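A.B. asks: Just so it is clear, I am handing over target-v9.pdb, which has PDB, C-alpha atoms, pLDDT in the B column.
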```pdb
MODEL        1
ATOM      1  CA  MET A1086       5.321  58.444 -69.798  1.00 44.00           C
ATOM      2  CA  GLU A1087       3.962  55.586 -71.912  1.00 57.00           C
ATOM      3  CA  LEU A1088       3.331  55.924 -75.633  1.00 58.00           C
ATOM      4  CA  ASP A1089      -0.223  57.104 -76.306  1.00 62.00           C
ATOM      5  CA  PRO A1090      -2.232  54.116 -77.678  1.00 60.00           C
ATOM      6  CA  ARG A1091      -4.183  56.483 -79.957  1.00 65.00           C
ATOM      7  CA  LEU A1092      -1.029  56.765 -82.052  1.00 63.00           C
ATOM      8  CA  TYR A1093      -1.103  53.098 -83.044  1.00 62.00           C
ATOM      9  CA  GLU A1094      -4.440  51.494 -82.157  1.00 65.00           C
ATOM     10  CA  ASN A1095      -6.048  52.454 -85.473  1.00 69.00           C
ATOM     11  CA  VAL A1096      -3.137  51.135 -87.538  1.00 67.00           C
ATOM     12  CA  SER A1097      -4.331  47.927 -89.126  1.00 73.00           C
ATOM     13  CA  VAL A1098      -2.178  44.880 -89.711  1.00 72.00           C
ATOM     14  CA  SER A1099      -3.721  42.188 -91.871  1.00 77.00           C
ATOM     15  CA  ASP A1100      -4.299  38.740 -90.402  1.00 80.00           C
ATOM     16  CA  ASN A1101      -2.337  37.287 -93.293  1.00 81.00           C
ATOM     17  CA  ASP A1102       0.689  39.460 -92.459  1.00 80.00           C
ATOM     18  CA  VAL A1103       0.543  38.366 -88.816  1.00 81.00           C
ATOM     19  CA  ARG A1104       0.249  34.704 -89.850  1.00 83.00           C
ATOM     20  CA  ASN A1105       3.221  35.056 -92.181  1.00 82.00           C
ATOM     21  CA  ILE A1106       5.289  36.649 -89.409  1.00 81.00           C
ATOM     22  CA  VAL A1107       4.405  33.799 -87.032  1.00 84.00           C
ATOM     23  CA  LEU A1108       5.162  31.207 -89.739  1.00 82.00           C
ATOM     24  CA  SER A1109       8.465  32.929 -90.466  1.00 77.00           C
ATOM     25  CA  TYR A1110       9.392  32.699 -86.784  1.00 79.00           C
ATOM     26  CA  LEU A1111       8.447  29.011 -86.533  1.00 79.00           C
ATOM     27  CA  MET A1112      10.335  28.055 -89.690  1.00 76.00           C
ATOM     28  CA  HIS A1113      13.307  30.250 -88.830  1.00 71.00           C
ATOM     29  CA  ASN A1114      13.724  28.433 -85.518  1.00 70.00           C
ATOM     30  CA  CYS A1115      13.170  24.981 -87.065  1.00 67.00           C
ATOM     31  CA  PHE A1116       9.895  24.269 -85.249  1.00 73.00           C
ATOM     32  CA  LYS A1117       8.849  22.082 -88.162  1.00 73.00           C
ATOM     33  CA  GLU A1118       5.979  20.187 -86.501  1.00 78.00           C
ATOM     34  CA  THR A1119       4.558  23.347 -84.948  1.00 84.00           C
ATOM     35  CA  ALA A1120       4.805  25.157 -88.294  1.00 81.00           C
ATOM     36  CA  GLU A1121       3.000  22.280 -90.027  1.00 81.00           C
ATOM     37  CA  ALA A1122       0.215  22.373 -87.418  1.00 86.00           C
ATOM     38  CA  PHE A1123       0.025  26.159 -87.793  1.00 86.00           C
ATOM     39  CA  LEU A1124      -0.174  25.837 -91.591  1.00 86.00           C
ATOM     40  CA  SER A1125      -2.889  23.223 -91.284  1.00 85.00           C
ATOM     41  CA  SER A1126      -5.001  25.359 -88.971  1.00 88.00           C
ATOM     42  CA  THR A1127      -4.595  28.598 -90.953  1.00 85.00           C
ATOM     43  CA  GLY A1128      -4.801  27.258 -94.489  1.00 82.00           C
ATOM     44  CA  LEU A1129      -1.460  28.817 -95.457  1.00 78.00           C
ATOM     45  CA  ASN A1130       0.961  26.965 -97.730  1.00 74.00           C
ATOM     46  CA  LEU A1131       4.569  26.228 -96.883  1.00 66.00           C
ATOM     47  CA  PRO A1132       6.846  28.355 -99.078  1.00 61.00           C
ATOM     48  CA  VAL A1133       9.081  26.238-101.324  1.00 55.00           C
ATOM     49  CA  ASP A1134      12.150  28.114-100.009  1.00 50.00           C
ATOM     50  CA  TYR A1135      11.722  26.483 -96.616  1.00 52.00           C
ATOM     51  CA  SER A1136      11.938  22.922 -97.930  1.00 49.00           C
ATOM     52  CA  VAL A1137      15.571  22.382 -97.006  1.00 47.00           C
ATOM     53  CA  ASP A1138      17.196  18.952 -96.661  1.00 44.00           C
ATOM     54  CA  VAL A1139      19.477  19.066 -93.613  1.00 41.00           C
ATOM     55  CA  ASP A1140      20.830  15.531 -94.043  1.00 44.00           C
ATOM     56  CA  LYS A1141      22.370  16.272 -97.456  1.00 46.00           C
ATOM     57  CA  ARG A1142      24.006  19.459 -96.201  1.00 45.00           C
ATOM     58  CA  LYS A1143      25.511  18.060 -93.020  1.00 43.00           C
ATOM     59  CA  GLU A1144      27.901  15.964 -95.098  1.00 45.00           C
ATOM     60  CA  ASN A1145      29.145  19.190 -96.695  1.00 52.00           C
ATOM     61  CA  ASP A1146      29.827  20.877 -93.364  1.00 71.00           C
ATOM     62  CA  MET A1147      32.300  18.697 -91.495  1.00 81.00           C
ATOM     63  CA  ASP A1148      32.161  20.746 -88.289  1.00 82.00           C
ATOM     64  CA  LEU A1149      28.392  20.591 -88.204  1.00 79.00           C
ATOM     65  CA  HIS A1150      28.425  16.880 -88.988  1.00 83.00           C
ATOM     66  CA  PHE A1151      30.915  16.298 -86.168  1.00 89.00           C
ATOM     67  CA  ASP A1152      28.814  18.347 -83.750  1.00 86.00           C
ATOM     68  CA  LEU A1153      25.642  16.437 -84.625  1.00 86.00           C
ATOM     69  CA  LEU A1154      27.316  13.043 -84.276  1.00 91.00           C
ATOM     70  CA  SER A1155      28.979  14.026 -81.018  1.00 91.00           C
ATOM     71  CA  LEU A1156      25.688  15.338 -79.689  1.00 91.00           C
ATOM     72  CA  HIS A1157      24.106  11.952 -80.408  1.00 93.00           C
ATOM     73  CA  PHE A1158      27.027  10.291 -78.599  1.00 95.00           C
ATOM     74  CA  ILE A1159      26.520  12.586 -75.608  1.00 93.00           C
ATOM     75  CA  GLU A1160      22.792  11.840 -75.533  1.00 92.00           C
ATOM     76  CA  LEU A1161      23.582   8.110 -75.406  1.00 94.00           C
ATOM     77  CA  VAL A1162      25.956   8.737 -72.486  1.00 93.00           C
ATOM     78  CA  ARG A1163      23.359  10.905 -70.745  1.00 91.00           C
ATOM     79  CA  SER A1164      20.870   8.027 -71.102  1.00 91.00           C
ATOM     80  CA  LYS A1165      23.442   5.677 -69.495  1.00 92.00           C
ATOM     81  CA  LYS A1166      23.669   3.625 -72.706  1.00 94.00           C
ATOM     82  CA  PHE A1167      27.437   3.308 -72.398  1.00 94.00           C
ATOM     83  CA  THR A1168      27.886   0.221 -74.594  1.00 95.00           C
ATOM     84  CA  GLU A1169      25.752   1.759 -77.326  1.00 96.00           C
ATOM     85  CA  ALA A1170      27.694   5.037 -76.996  1.00 94.00           C
ATOM     86  CA  LEU A1171      31.024   3.219 -77.325  1.00 94.00           C
ATOM     87  CA  ASP A1172      29.782   1.310 -80.379  1.00 95.00           C
ATOM     88  CA  PHE A1173      28.428   4.530 -81.929  1.00 94.00           C
ATOM     89  CA  GLY A1174      31.709   6.341 -81.236  1.00 93.00           C
ATOM     90  CA  GLN A1175      33.742   3.578 -82.863  1.00 94.00           C
ATOM     91  CA  LYS A1176      31.529   3.462 -85.946  1.00 94.00           C
ATOM     92  CA  LYS A1177      30.751   7.137 -86.482  1.00 93.00           C
ATOM     93  CA  LEU A1178      33.372   9.261 -84.727  1.00 94.00           C
ATOM     94  CA  THR A1179      36.669   7.446 -85.388  1.00 92.00           C
ATOM     95  CA  SER A1180      36.972   8.952 -88.868  1.00 91.00           C
ATOM     96  CA  PHE A1181      37.346  12.367 -87.204  1.00 92.00           C
ATOM     97  CA  GLN A1182      40.482  11.318 -85.265  1.00 91.00           C
ATOM     98  CA  LYS A1183      42.489  11.925 -88.437  1.00 91.00           C
ATOM     99  CA  VAL A1184      41.683  15.647 -88.219  1.00 90.00           C
ATOM    100  CA  THR A1185      43.791  17.477 -85.637  1.00 92.00           C
ATOM    101  CA  LYS A1186      41.134  19.965 -84.550  1.00 91.00           C
ATOM    102  CA  TYR A1187      38.775  17.149 -83.492  1.00 93.00           C
ATOM    103  CA  ILE A1188      41.227  15.033 -81.467  1.00 94.00           C
ATOM    104  CA  GLU A1189      40.898  16.954 -78.185  1.00 94.00           C
ATOM    105  CA  LYS A1190      37.107  17.054 -78.461  1.00 92.00           C
ATOM    106  CA  LEU A1191      36.990  13.312 -79.149  1.00 93.00           C
ATOM    107  CA  GLU A1192      39.130  12.698 -76.072  1.00 94.00           C
ATOM    108  CA  ASP A1193      36.721  14.807 -74.010  1.00 93.00           C
ATOM    109  CA  PHE A1194      33.711  12.883 -75.318  1.00 92.00           C
ATOM    110  CA  MET A1195      35.313   9.497 -74.696  1.00 92.00           C
ATOM    111  CA  ALA A1196      36.359  10.593 -71.193  1.00 93.00           C
ATOM    112  CA  LEU A1197      32.670  10.664 -70.295  1.00 92.00           C
ATOM    113  CA  LEU A1198      32.643   6.862 -70.617  1.00 91.00           C
ATOM    114  CA  ALA A1199      35.191   6.527 -67.806  1.00 91.00           C
ATOM    115  CA  TYR A1200      32.613   7.639 -65.236  1.00 91.00           C
ATOM    116  CA  GLU A1201      29.592   5.764 -63.921  1.00 89.00           C
ATOM    117  CA  GLU A1202      28.051   9.172 -63.363  1.00 91.00           C
ATOM    118  CA  PRO A1203      29.297  11.300 -66.284  1.00 91.00           C
ATOM    119  CA  GLU A1204      27.451  14.344 -64.935  1.00 90.00           C
ATOM    120  CA  LYS A1205      30.042  14.350 -62.101  1.00 90.00           C
ATOM    121  CA  SER A1206      33.027  14.120 -64.458  1.00 90.00           C
ATOM    122  CA  PRO A1207      35.326  17.006 -65.390  1.00 93.00           C
ATOM    123  CA  MET A1208      33.576  16.975 -68.788  1.00 91.00           C
ATOM    124  CA  PHE A1209      30.080  17.439 -67.289  1.00 91.00           C
ATOM    125  CA  HIS A1210      29.598  20.651 -69.304  1.00 92.00           C
ATOM    126  CA  LEU A1211      29.197  18.509 -72.434  1.00 92.00           C
ATOM    127  CA  LEU A1212      25.995  17.128 -70.915  1.00 91.00           C
ATOM    128  CA  SER A1213      24.555  20.586 -70.276  1.00 91.00           C
ATOM    129  CA  PRO A1214      21.538  22.072 -72.036  1.00 90.00           C
ATOM    130  CA  GLU A1215      23.817  24.958 -73.065  1.00 91.00           C
ATOM    131  CA  HIS A1216      26.048  22.610 -75.077  1.00 90.00           C
ATOM    132  CA  ARG A1217      22.996  21.111 -76.759  1.00 88.00           C
ATOM    133  CA  GLN A1218      21.668  24.622 -77.481  1.00 87.00           C
ATOM    134  CA  ASN A1219      24.997  25.687 -79.026  1.00 86.00           C
ATOM    135  CA  VAL A1220      24.902  22.717 -81.403  1.00 84.00           C
ATOM    136  CA  ALA A1221      21.260  23.477 -82.265  1.00 82.00           C
ATOM    137  CA  GLU A1222      22.132  27.113 -82.985  1.00 80.00           C
ATOM    138  CA  GLY A1223      24.999  26.003 -85.241  1.00 80.00           C
ATOM    139  CA  LEU A1224      22.632  23.746 -87.128  1.00 78.00           C
ATOM    140  CA  ASN A1225      20.100  26.546 -87.431  1.00 76.00           C
ATOM    141  CA  ARG A1226      22.754  28.949 -88.782  1.00 76.00           C
ATOM    142  CA  ALA A1227      23.840  26.359 -91.356  1.00 76.00           C
ATOM    143  CA  VAL A1228      20.248  25.740 -92.453  1.00 72.00           C
ATOM    144  CA  LEU A1229      19.575  29.463 -92.784  1.00 75.00           C
ATOM    145  CA  ALA A1230      22.817  30.144 -94.646  1.00 75.00           C
ATOM    146  CA  HIS A1231      22.186  27.297 -97.072  1.00 71.00           C
ATOM    147  CA  ALA A1232      18.647  28.502 -97.747  1.00 71.00           C
ATOM    148  CA  ASN A1233      19.850  32.117 -98.129  1.00 75.00           C
ATOM    149  CA  LEU A1234      17.548  33.160 -95.286  1.00 73.00           C
ATOM    150  CA  PRO A1235      18.226  36.023 -92.871  1.00 77.00           C
ATOM    151  CA  ALA A1236      19.760  35.410 -89.457  1.00 72.00           C
ATOM    152  CA  TYR A1237      16.626  36.727 -87.733  1.00 77.00           C
ATOM    153  CA  SER A1238      12.952  35.999 -88.274  1.00 78.00           C
ATOM    154  CA  SER A1239      10.505  38.750 -89.238  1.00 81.00           C
ATOM    155  CA  LEU A1240       9.051  38.656 -85.731  1.00 83.00           C
ATOM    156  CA  GLU A1241      12.472  39.135 -84.171  1.00 82.00           C
ATOM    157  CA  ARG A1242      13.146  42.031 -86.564  1.00 83.00           C
ATOM    158  CA  VAL A1243       9.868  43.730 -85.583  1.00 84.00           C
ATOM    159  CA  VAL A1244      10.774  43.486 -81.885  1.00 84.00           C
ATOM    160  CA  GLN A1245      14.327  44.706 -82.597  1.00 84.00           C
ATOM    161  CA  GLN A1246      12.979  47.646 -84.573  1.00 85.00           C
ATOM    162  CA  ALA A1247      10.497  48.581 -81.823  1.00 82.00           C
ATOM    163  CA  THR A1248      13.314  48.435 -79.284  1.00 82.00           C
ATOM    164  CA  VAL A1249      15.597  50.656 -81.378  1.00 84.00           C
ATOM    165  CA  VAL A1250      12.818  53.192 -82.055  1.00 83.00           C
ATOM    166  CA  ARG A1251      12.054  53.462 -78.331  1.00 79.00           C
ATOM    167  CA  GLN A1252      15.757  53.861 -77.515  1.00 80.00           C
ATOM    168  CA  TYR A1253      16.030  56.588 -80.143  1.00 82.00           C
ATOM    169  CA  LEU A1254      12.940  58.383 -78.828  1.00 79.00           C
ATOM    170  CA  GLN A1255      14.256  58.179 -75.291  1.00 78.00           C
ATOM    171  CA  GLN A1256      17.594  59.700 -76.333  1.00 79.00           C
ATOM    172  CA  GLU A1257      16.187  62.378 -78.653  1.00 78.00           C
ATOM    173  CA  VAL A1258      12.994  63.457 -76.887  1.00 75.00           C
ATOM    174  CA  GLY A1259      13.957  62.947 -73.299  1.00 69.00           C
ATOM    175  CA  LYS A1260      14.604  60.229 -70.818  1.00 64.00           C
ATOM    176  CA  ASP A1261      11.286  60.611 -68.978  1.00 66.00           C
ATOM    177  CA  SER A1262       9.060  60.814 -72.053  1.00 68.00           C
ATOM    178  CA  TYR A1263       9.659  57.385 -73.580  1.00 67.00           C
ATOM    179  CA  PRO A1264      10.890  54.561 -71.358  1.00 71.00           C
ATOM    180  CA  PRO A1265      12.897  51.801 -73.042  1.00 72.00           C
ATOM    181  CA  PHE A1266      10.793  49.200 -74.840  1.00 73.00           C
ATOM    182  CA  SER A1267      10.219  46.009 -72.896  1.00 74.00           C
ATOM    183  CA  LEU A1268       8.492  43.163 -74.710  1.00 73.00           C
ATOM    184  CA  LYS A1269       7.656  41.546 -71.371  1.00 76.00           C
ATOM    185  CA  ALA A1270       5.990  44.736 -70.115  1.00 74.00           C
ATOM    186  CA  PHE A1271       4.167  45.214 -73.426  1.00 72.00           C
ATOM    187  CA  LEU A1272       2.795  41.657 -73.426  1.00 70.00           C
ATOM    188  CA  SER A1273       1.670  41.837 -69.799  1.00 71.00           C
ATOM    189  CA  LYS A1274      -0.716  44.728 -70.533  1.00 67.00           C
TER     190      LYS A1274
ENDMDL
END
```
In structure tokens, what does this structure look like?

C.D. replies:
Amino acid sequence: MELDPRLYENVSVSDNDVRNIVLSYLMHNCFKETAEAFLSSTGLNLPVDYSVDVDKRKENDMDLHFDLLSLHFIELVRSKKFTEALDFGQKKLTSFQKVTKYIEKLEDFMALLAYEEPEKSPMFHLLSPEHRQNVAEGLNRAVLAHANLPAYSSLERVVQQATVVRQYLQQEVGKDSYPPFSLKAFLSK
């Protein structure tokens, strides 16, 4: 049994609240250009809290700085710019060889240069979109922590809350009365 639309269709949500939720999501996930275009088209102003300088902070977080530099190195390797990657590694990554926890990672990165086709090397996972995504998520967490922002955007919180409410209703009222919330199913209506 689906939730009766009469219970929520007359509940009004202001356009400004919706815009702020969308903006929160865009800024939370570092979609800077999209957020700027959204701001321009809606007439909203960028909150001062979101003006965060990533470059200044990356120097303060050595792990993050290492990850960003190594990601650039990997992108050069992926683009088959091996000479440029070697030069970049010598200039930017050698300072990390003095820190024990980075030595093995540096060896893995440099091993990519030994292969004409690095995607066929034992270190191919470093070229994966998942590795890139992990670095991006680390950067996002650092940005959010520095700006004292929550780990989740308002939009994500609304979806999480709807999911929890539906789970609670299903458990308390009965399994057949309220099926689990599915954002995909809700959006396809």

A.B. asks: Given the choices A:Glu1169, A:Ser1155, A:Pro1214, A:Ser1239, which gets closest to Asp1193 of chain A if the distance is worked out from only C-alpha atoms?

C.D. replies: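 Selected residue with least distance to Asp1193 of chain A: A:Ser1155.
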
A.B. asks: Taking only C-alpha atoms into account, which of A:Arg1104, A:Arg1217, A:Lys1205, A:His1113 comes nearest Ala1236 of chain A?

C.D. replies: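 The shortest atom-to-atom distance to Ala1236 of chain A comes from A:His1113.
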
A.B. asks: Please provide as an MDAnalysis selection string all residues within 9 Å of Lys1177 of chain A, with the sequence filter that same-chain residues fewer than 4 positions apart are discarded (counting all atoms listed in the file).

C.D. replies: chainID A and resid 1154:1155 1172:1173 1181

A.B. asks: Which distance in Å separates atom CA of Ala1170 of chain A and atom CA of Phe1158 of chain A, to one decimal?

C.D. replies: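 About the pair atom CA of Ala1170 of chain A and atom CA of Phe1158 of chain A: they are 5.5 Å apart.
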
A.B. asks: A:Leu1212, A:Ala1196, A:Met1112, A:Leu1129: which is nearest Glu1160 of chain A, counting only C-alpha atoms?

C.D. replies: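 Ranking A:Leu1212, A:Ala1196, A:Met1112, A:Leu1129 by distance to Glu1160 of chain A, first place goes to A:Leu1212.
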
A.B. asks: Hey, what comes out of the PyMOL selection byres ((chain A and resi 1151) around 12) on this file? Could you write it as a PyMOL selection string?

C.D. replies: chain A and resi 1143-1150+1152-1158+1174+1177-1182+1184+1186-1188+1190-1191+1194+1220+1223-1224

A.B. asks: A:Leu1124, A:Ile1159, A:Leu1268, A:Leu1198: which is nearest Glu1241 of chain A, counting all atoms listed in the file?

C.D. replies: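 Closest candidate: A:Leu1268.
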
A.B. asks: Tell me, in Å to one decimal, how far atom CA of Val1244 of chain A is from atom CA of Phe1266 of chain A.

C.D. replies: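 So the answer is 9.1 Å.
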
A.B. asks: Once the PyMOL selection byres ((chain A and resi 1106) around 10) is applied to the coordinates I shared, what remains selected? I want it as a PyMOL selection string.

C.D. replies: chain A and resi 1100-1105+1107-1112+1238-1243

A.B. asks: Go ahead and compute the interatomic distance for atom CA of Thr1168 of chain A and atom CA of Glu1222 of chain A, in Å to one decimal.

C.D. replies: 28.8 Å

A.B. asks: Calculated over only C-alpha atoms, which of the candidates A:Lys1176, A:His1210, A:Lys1183, A:Lys1117 has the smallest distance to Arg1163 of chain A?

C.D. replies: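 Comparing A:Lys1176, A:His1210, A:Lys1183, A:Lys1117 against Arg1163 of chain A, the winner is A:His1210.
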
A.B. asks: Rebuild segment 1111-1128 of chain A so that it carries N, CA and C atoms, then output the result as a CSV table (one decimal), keeping the file's coordinate frame.

C.D. replies:
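Saved file result-v4.csv follows:
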```csv
chain,number,residue,atom,x,y,z
A,1111,LEU,N,8.4,30.5,-86.8
A,1111,LEU,CA,8.4,29.0,-86.5
A,1111,LEU,C,9.4,28.3,-87.5
A,1112,MET,N,9.4,28.7,-88.7
A,1112,MET,CA,10.3,28.1,-89.7
A,1112,MET,C,11.8,28.5,-89.4
A,1113,HIS,N,12.0,29.7,-89.1
A,1113,HIS,CA,13.3,30.2,-88.8
A,1113,HIS,C,14.0,29.5,-87.7
A,1114,ASN,N,13.2,29.1,-86.7
A,1114,ASN,CA,13.7,28.4,-85.5
A,1114,ASN,C,13.6,26.9,-85.6
A,1115,CYS,N,13.2,26.4,-86.8
A,1115,CYS,CA,13.2,25.0,-87.1
A,1115,CYS,C,12.1,24.3,-86.2
A,1116,PHE,N,11.0,24.9,-85.9
A,1116,PHE,CA,9.9,24.3,-85.2
A,1116,PHE,C,9.0,23.7,-86.3
A,1117,LYS,N,9.5,22.6,-87.0
A,1117,LYS,CA,8.8,22.1,-88.2
A,1117,LYS,C,7.4,21.6,-87.9
A,1118,GLU,N,7.3,20.8,-86.8
A,1118,GLU,CA,6.0,20.2,-86.5
A,1118,GLU,C,5.0,21.3,-86.1
A,1119,THR,N,5.4,22.2,-85.3
A,1119,THR,CA,4.6,23.3,-84.9
A,1119,THR,C,4.2,24.2,-86.2
A,1120,ALA,N,5.1,24.4,-87.1
A,1120,ALA,CA,4.8,25.2,-88.3
A,1120,ALA,C,3.8,24.4,-89.2
A,1121,GLU,N,3.9,23.1,-89.2
A,1121,GLU,CA,3.0,22.3,-90.0
A,1121,GLU,C,1.6,22.3,-89.4
A,1122,ALA,N,1.5,22.3,-88.1
A,1122,ALA,CA,0.2,22.4,-87.4
A,1122,ALA,C,-0.4,23.8,-87.6
A,1123,PHE,N,0.5,24.8,-87.6
A,1123,PHE,CA,0.0,26.2,-87.8
A,1123,PHE,C,-0.5,26.3,-89.2
A,1124,LEU,N,0.2,25.8,-90.2
A,1124,LEU,CA,-0.2,25.8,-91.6
A,1124,LEU,C,-1.5,25.1,-91.8
A,1125,SER,N,-1.7,24.0,-91.2
A,1125,SER,CA,-2.9,23.2,-91.3
A,1125,SER,C,-4.1,24.0,-90.7
A,1126,SER,N,-3.9,24.7,-89.6
A,1126,SER,CA,-5.0,25.4,-89.0
A,1126,SER,C,-5.3,26.7,-89.6
A,1127,THR,N,-4.4,27.3,-90.3
A,1127,THR,CA,-4.6,28.6,-91.0
A,1127,THR,C,-4.9,28.5,-92.4
A,1128,GLY,N,-4.6,27.4,-93.1
A,1128,GLY,CA,-4.8,27.3,-94.5
A,1128,GLY,C,-3.7,27.8,-95.3
```
